[in-house]
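Participant: Questions regarding the structure given below will be posed in turn.
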Amino acid sequence: MSRRTRWNGAALAVVMGGALAAGCGAPGGDAPQPEATSASLAAAPTCGTAPVTLNAYIETGFPLPKELSTEFSKQYPNVKWNIREDQFAVITQNAPRVLADDPPDLMRLPQVSELVKNNLLKNLDGYAKAFGWDAWPASQLEQMRLAPGGKTRGEGSLYAMGLNFSMTGVFYNKKLADKIGMSSPPTTLAELDDALAKAKSAGITPIAQFNGGATGGLAFPLQDLMASYGPSGPINDWIYQKPGATIDTPSNVQATQHLEKWIKAGYFWKDVNAVDYATMMSRFIKGDGLFSFNGDWESGNLDKQMAGNVGFFLMPPAQQGGKQAAMSAPLTYGISSRAKNADCAAFFLNWVATDPKAREIGVKVGGSHPMGPADAPMPEVAKDTVTASTLSAGAKIAEDNGSMDFIANATGAIYAKSWTPQLQKLVAGQQTPEELLKSVQSDYTSQVGGS
Amino acid sequence: MTRKKGSPARAAGLRTPSWVAWLFVAPALIVYAVFVLRPIVLTIQYSLYRWDGIGPSTWAGLGNYAKVFTDPDLFASILNAIKLILFFSVIPVLLGLAIASTIRRIAASRLALVARTVLFLPQVIPLVAAGIAWSWLLSSTGLVNQLLRLAGLGGVARAWLGDFSTALPAVGVIGAWVLLGLCTILLLSGLSKIDPALYEAARMDGAGPLREFVSITVPSLRQEIGVCVTVTVIAALASFDIVYVSTQGGPGNATMVPGLEIYYLAFSERQVGMASALAVVLMVLVLLVALPIQWLTKDRSS
């Protein structure tokens with residue numbers, strides 16, 4: 001009996017498993033359907049007066065959204081919040097499933113192309129019109145626009161909104177700068193090279209950067225060098241997946257060769273391939289490293305930890321007086337296409353950009369430039385802080401129309417699977433600049449074409 | 001025994017022992033079917049489609065499997081897992097044998113108790129914590145390099161996990177450290193059931209410690225060694241946590257293993273079909289390696 005029972009049991013188990021699986025048909029059958037083009041709104045929506053609970057899914061470790069939500073509830077007491085927090089990596093992995101299965105009213109978003117392709121995000125065109133977001137500087141919203149089908153970014157309907165927008169450039173340690181006689185930030189690439197060489201011979205690590213694990217931080221100086229050698233437009237076209245765009249251009253090859261020169265000259269830490277972001281920050285704050293390529297999300301932190309000892313400048317152009325560019329990205333939040341309180345969430349997003357108190361929180365807590373009209377009042381910031389320099393750098397970038405998205409955001413996998421391993425190989429001398437760009441481009445083509 | 005495929009009511013009326021048995025087995029069986037069998041079957045199904053996890057899927061047949069074996073990056077990750085067997089299996093089992101027989105000789109002393117506890121400790125620590133602790137130890141200013149510098153070997157010091165040539169062995173060392181305790185304890189418990197008279201007899205015949213080890217200890221531990229090898233080989237082939245925490249596959253894919261590759265494919269590249277295909281290949285590979293080990297170490301005397 002025992003033998004037969006065993007076989008019966010095995011057979012039953014297989015049958016049960018098979019039946020459970022076969023009941024589903026081809027995967028993806030329950031995918032959300034495209035919504036009708038967003039209807040134009042008669043008037044700007046509000047949160048009303050009845051009690052509302054907004055479901056928000058935000059990134060942990062950044063106090064900005066929480067402070068904003070608290071202030072919002074103070075001004076609109078009928079609105080309560082139900083906030084769930086996760087690390088950005090977790091949000092990135094879960095975004096599609098959360099938006100489909102447990103739709104939040106407001107959610108911190110990773111790269112949006114795939115989410116739009118699957119009809120998971122609400123089309124915000126109607127709100128943009130009703131609230132007048134269309135009249136803001138176009139570059140603020142450009143990265144969150146998608147052409148129909150979600151393939152090309154940078155144009156088309158609006159699918160997300162920023163709480164503020166960040167700005168990248170080069171931070172420097174003022175004490176170390178004095179030591180090498182650098183009295184003002186470099187204005188050309190040659191001057192930057194000169195400062196790097198002087199630091200090296202003075203026994204100071206010229207550049208504090210991370211490049212370990214799955215996040216290749218050398219992509220920061222690389223993209224800055226690309227923008228130094230060439231125009232920022234084609235780089236954006238590539239990130240936005242415009243047809244025919246390529247990263248493998250002559251000026252980008254020059255930029256990558258320049259980065260290789262820095263590596264070979266020993267301008268980075270010897271163990272840069274094992275340094276993660278947190279390690280880089282703690283070393284730079286301790287005074288190990290003259291320059292660091294990073295973004296203004298650290299401005300507030302650096303003002304606190306290196307008060308008076310830290311400066312910021314935009315990546316200098318290759319030619320004196322050339323246009324400057326910087327990676328600049330909105331802190332993107334979106335509304336699920338299945339959200340219950342979409343109107344109230346949109347009203348909140350508009351409030352963040354236009355309410356004076358909210359803008360002040362945006363700068364003081366977030367450290368970055370608020371969204372909103374070009375002539376909106378700017379909160380007061382102490383002049384000698386690095387926050388003040390990053391905010392004024394934002395104005396210069398707007399003038400030069402030099403705002404770029406990050407090359408790591410071109411596709412969902414390009415950072416972890418292409419840029420990072422390739423840059424780590426470049427550091428180890430196992431890859432050439434020419435082959436690096438060719439390899440990234442071929443991965444890009446297969447990812448863009450294949451999906 | 002005859003089984004009737006009747007309604008539950010009729011079966012209840014018969015009160016056959018088989019019916020009662022099924023009742024007891026049912027909860028476990030249902031859990032097993034829902035949480036083990038169903039995912040396996042679904043994974044096999046997904047592996048035949050191109051699917052981003054949300055939208056509509058398209059039939060891909062065996063295309064995903066073809067890619068697993070032709071894509072150099074994916075294939076390299078399988079090779080890395082096989083290399084890890086040296087660190088995860090061979091070292092812990094050999095070292096575990098040596099340590100276990102040493103501890104057995106001093107079994108009564110307090111030192112044996114201390115040694116057992118210290119060796120088993122890594123098993124109690126969560127793998128993620130172990131990975132973080134080791135990445136500190138192995139960092140360029142970590143303890144390992146400090147000791148090397150003290151010993152005048154500063155030239156060898158490096159960021160062990162960030163160097164292309166040492167990253168995979170460094171990850172392997174972490175795995176060996178974790179699994180050594182498990183093997184030692186398993187082998188020790190096996191040793192305790194060997195009749196001491198055997199050793200006495202051998203000694204009377206003039207056998208030294210080495211001879212005892214080869215002729216008595218190893219053959220008697222056949223089954224325990226089998227369990228150790230099986231568990232550790234599976235840990236090597238299906239490794240994920242240690243690699244994810246210490247290197248995330250870097251630098252430049254030097255420590256990429258299938259487990260991590262599956263995770264990246266499914267959650268960052270959103271190629272659920274490819275990820276499932278690689279997962280099925282990994283499962284088959286584990287079975288291909290584990291089943292012969294089971295067969296080789298089976299106790300054929302009974």
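Residue numbers start at 1 in each chain; chains themselves are named A, B, ... in the order of the structure tokens; ligands are numbered from 1 in the order shown.
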Give me the chain A side of the contact with chain B, cut-off 6 Å, one line per residue showing its nearest atom pair and distance in Å at one decimal, counting only C-alpha atoms, sorted by chain and residue number, as a tab-separated table.

Facilitator:
residue	atom	partner	partner_atom	distance
A:Gly17	CA	B:Arg38	CA	4.7
A:Ala21	CA	B:Leu42	CA	5.7
A:Gly28	CA	B:Pro56	CA	4.7
A:Ala31	CA	B:Gly55	CA	5.1
A:Gln93	CA	B:Phe267	CA	5.1
A:Asn118	CA	B:Gly55	CA	5.6
A:Gly213	CA	B:Thr247	CA	5.0
A:Ala214	CA	B:Gln248	CA	5.7
A:Asp271	CA	B:Ala159	CA	5.5
A:Asn273	CA	B:Gly162	CA	4.9
A:Ala274	CA	B:Gly162	CA	4.2
A:Gly412	CA	B:Glu269	CA	5.9
A:Ala413	CA	B:Glu269	CA	4.9
A:Pro421	CA	B:Gly252	CA	3.5
A:Gln424	CA	B:Gly252	CA	5.4
A:Lys425	CA	B:Gly252	CA	5.6

Participant: If you keep N, CA and C atoms, can you produce a file of those selected residues as a short mmCIF file (atom, residue, chain, number, x, y, z; two decimals), in the first residue's frame?

Facilitator:
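Final file, result02.cif:
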data_model
loop_
_atom_site.label_atom_id
_atom_site.label_comp_id
_atom_site.auth_asym_id
_atom_site.auth_seq_id
_atom_site.Cartn_x
_atom_site.Cartn_y
_atom_site.Cartn_z
N GLY A 17 -0.79 20.86 -9.30
CA GLY A 17 0.07 21.96 -9.74
C GLY A 17 -0.25 22.36 -11.16
N ALA A 21 -1.77 25.99 -12.62
CA ALA A 21 -1.06 26.83 -13.58
C ALA A 21 -1.86 26.99 -14.86
N GLY A 28 -0.08 37.72 -18.41
CA GLY A 28 -0.31 39.11 -18.80
C GLY A 28 -1.70 39.38 -19.31
N ALA A 31 -3.73 42.57 -17.91
CA ALA A 31 -3.06 43.87 -17.97
C ALA A 31 -4.08 45.00 -18.13
N GLN A 93 11.89 48.03 -8.56
CA GLN A 93 11.52 46.66 -8.89
C GLN A 93 10.01 46.44 -8.82
N ASN A 118 2.57 50.19 -20.39
CA ASN A 118 1.59 49.26 -19.84
C ASN A 118 0.35 49.95 -19.27
N GLY A 213 29.90 47.97 -6.83
CA GLY A 213 28.59 47.31 -6.84
C GLY A 213 27.89 47.48 -8.18
N ALA A 214 26.59 47.74 -8.13
CA ALA A 214 25.81 47.83 -9.36
C ALA A 214 25.58 49.27 -9.79
N ASP A 271 40.87 52.10 -5.09
CA ASP A 271 39.84 51.09 -4.89
C ASP A 271 38.46 51.59 -5.34
N ASN A 273 36.59 50.94 -7.66
CA ASN A 273 35.65 49.90 -8.08
C ASN A 273 34.99 49.19 -6.90
N ALA A 274 35.46 49.47 -5.68
CA ALA A 274 34.84 48.85 -4.51
C ALA A 274 34.18 49.90 -3.62
N GLY A 412 15.54 50.75 -18.63
CA GLY A 412 15.48 50.25 -17.26
C GLY A 412 16.75 49.52 -16.83
N ALA A 413 17.45 48.90 -17.79
CA ALA A 413 18.56 48.02 -17.42
C ALA A 413 19.92 48.58 -17.80
N PRO A 421 29.09 47.81 -15.47
CA PRO A 421 30.19 46.87 -15.75
C PRO A 421 31.22 47.44 -16.71
N GLN A 424 33.46 49.86 -14.88
CA GLN A 424 34.35 49.13 -13.97
C GLN A 424 35.49 48.50 -14.76
N LYS A 425 35.18 48.01 -15.97
CA LYS A 425 36.23 47.44 -16.81
C LYS A 425 37.20 48.53 -17.27
#

Participant: Using only C-alpha atoms, determine which residues lie at most 7 Å from segment 314-330 of chain A, disregarding the query and same-chain residues fewer than 5 positions distant; provide the list as a PyMOL selection string.

Facilitator: chain A and resi 162-170+186-189+224+227-229+232+393+397+400+402-406

Participant: Write the residues of the selection above to a file with C-alpha atoms, as an mmCIF file, in the first residue's frame.

Facilitator:
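So selection16.cif came out as:
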data_model
loop_
_atom_site.group_PDB
_atom_site.id
_atom_site.type_symbol
_atom_site.label_atom_id
_atom_site.label_comp_id
_atom_site.auth_asym_id
_atom_site.auth_seq_id
_atom_site.Cartn_x
_atom_site.Cartn_y
_atom_site.Cartn_z
ATOM 1 C CA GLY A 162 8.233 66.655 -10.035
ATOM 2 C CA LEU A 163 8.291 67.733 -6.401
ATOM 3 C CA ASN A 164 11.409 69.717 -7.369
ATOM 4 C CA PHE A 165 14.235 69.278 -9.848
ATOM 5 C CA SER A 166 17.799 68.445 -9.015
ATOM 6 C CA MET A 167 20.986 69.749 -10.545
ATOM 7 C CA THR A 168 24.372 68.054 -10.832
ATOM 8 C CA GLY A 169 27.861 69.423 -11.067
ATOM 9 C CA VAL A 170 31.091 69.373 -9.150
ATOM 10 C CA PRO A 186 37.784 76.348 -13.106
ATOM 11 C CA THR A 187 36.090 77.914 -16.138
ATOM 12 C CA THR A 188 37.417 75.572 -18.813
ATOM 13 C CA LEU A 189 38.139 71.871 -18.988
ATOM 14 C CA ASP A 224 29.735 65.839 -17.711
ATOM 15 C CA ALA A 227 28.506 67.688 -22.354
ATOM 16 C CA SER A 228 31.814 69.507 -22.148
ATOM 17 C CA TYR A 229 33.019 68.151 -25.499
ATOM 18 C CA SER A 232 23.705 68.145 -24.846
ATOM 19 C CA ALA A 393 23.635 77.103 -11.182
ATOM 20 C CA ILE A 397 21.575 75.899 -17.049
ATOM 21 C CA ASP A 400 22.029 77.729 -21.796
ATOM 22 C CA GLY A 402 21.633 72.676 -21.020
ATOM 23 C CA SER A 403 19.454 70.438 -18.929
ATOM 24 C CA MET A 404 20.050 66.738 -19.569
ATOM 25 C CA ASP A 405 18.529 63.591 -18.196
ATOM 26 C CA PHE A 406 21.017 61.014 -16.837
#

Participant: In Å to one decimal, how far is atom CA of Ile235 of chain A from atom CA of Gly295 of chain A?

Facilitator: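 If I compute the distance from atom CA of Gly295 of chain A to atom CA of Ile235 of chain A, I get 18.6 Å.
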
Participant: What parts of segment 221-430 of chain A does DSSP call strand (DSSP E)? I'd like the answer as a list of chain:residue names.

Facilitator: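 The residues of segment 221-430 of chain A classed as strand (DSSP E) are A:Phe291, A:Ser292, A:Phe293, A:Asn294, A:Gly295, A:Val310, A:Gly311, A:Phe312, A:Phe313, A:Ala326, A:Met327, A:Ser328, A:Ala329, A:Pro330, A:Leu331, A:Thr332, A:Tyr333, A:Gly334, A:His369, A:Pro370, A:Ser403, A:Met404.
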
Participant: Separation of atom CA of Glu212 of chain B and atom CA of Tyr199 of chain B, in Å?

Facilitator: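 Atom CA of Tyr199 of chain B lies 6.8 Å from atom CA of Glu212 of chain B.
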
Participant: Considering only C-alpha atoms, state which residue in the set B:Gly61, B:Gly181, B:Pro17, B:Pro126 is at the smallest distance from Phe88 of chain B.

Facilitator: B:Gly181

Participant: Would you please give, as a PyMOL selection string, all residues of segment 67-238 of chain B that DSSP assigns to helix (DSSP H, G or I) based on the backbone?

Facilitator: chain B and resi 67-70+72-105+110-124+127-137+143-150+160-162+167-191+196-204+209-220+222-237

Participant: Considering only C-alpha atoms, can you say which of B:Thr70, B:Ser109, B:Ser239, B:Ser276 comes closest to Ile85 of chain B?

Facilitator: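 Ranking B:Thr70, B:Ser109, B:Ser239, B:Ser276 by distance to Ile85 of chain B, first place goes to B:Ser239.
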
Participant: Suppose you want the space between atom CA of Ser113 of chain A and atom CA of Gly61 of chain A; what is it in Å?

Facilitator: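 Atom CA of Gly61 of chain A lies at a distance of 25.0 Å from atom CA of Ser113 of chain A.
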
Participant: Which neighbours of Ala277 of chain B fall inside 7 Å, counting only C-alpha atoms, when residues of the same chain fewer than 4 positions from it are skipped, and could you give them as a PDB file with C-alpha atoms, in the first residue's frame?

Facilitator:
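Listing of around-v1.pdb after writing:
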ATOM      1  CA  SER B  47       9.905  30.653 -19.914  1.00  0.00           C
ATOM      2  CA  ASN B  64      14.616  32.079 -24.477  1.00  0.00           C
ATOM      3  CA  TYR B  65      16.489  28.832 -23.866  1.00  0.00           C
ATOM      4  CA  GLY B 273      10.487  34.993 -19.944  1.00  0.00           C
ATOM      5  CA  VAL B 281      18.124  25.817 -16.695  1.00  0.00           C
TER       6      VAL B 281
END

Participant: From the list A:Lys74, A:Lys122, A:Lys364, A:Lys261, which residue is nearest Asp193 of chain A when using only C-alpha atoms?

Facilitator: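 Result for the nearest residue to Asp193 of chain A: A:Lys261.
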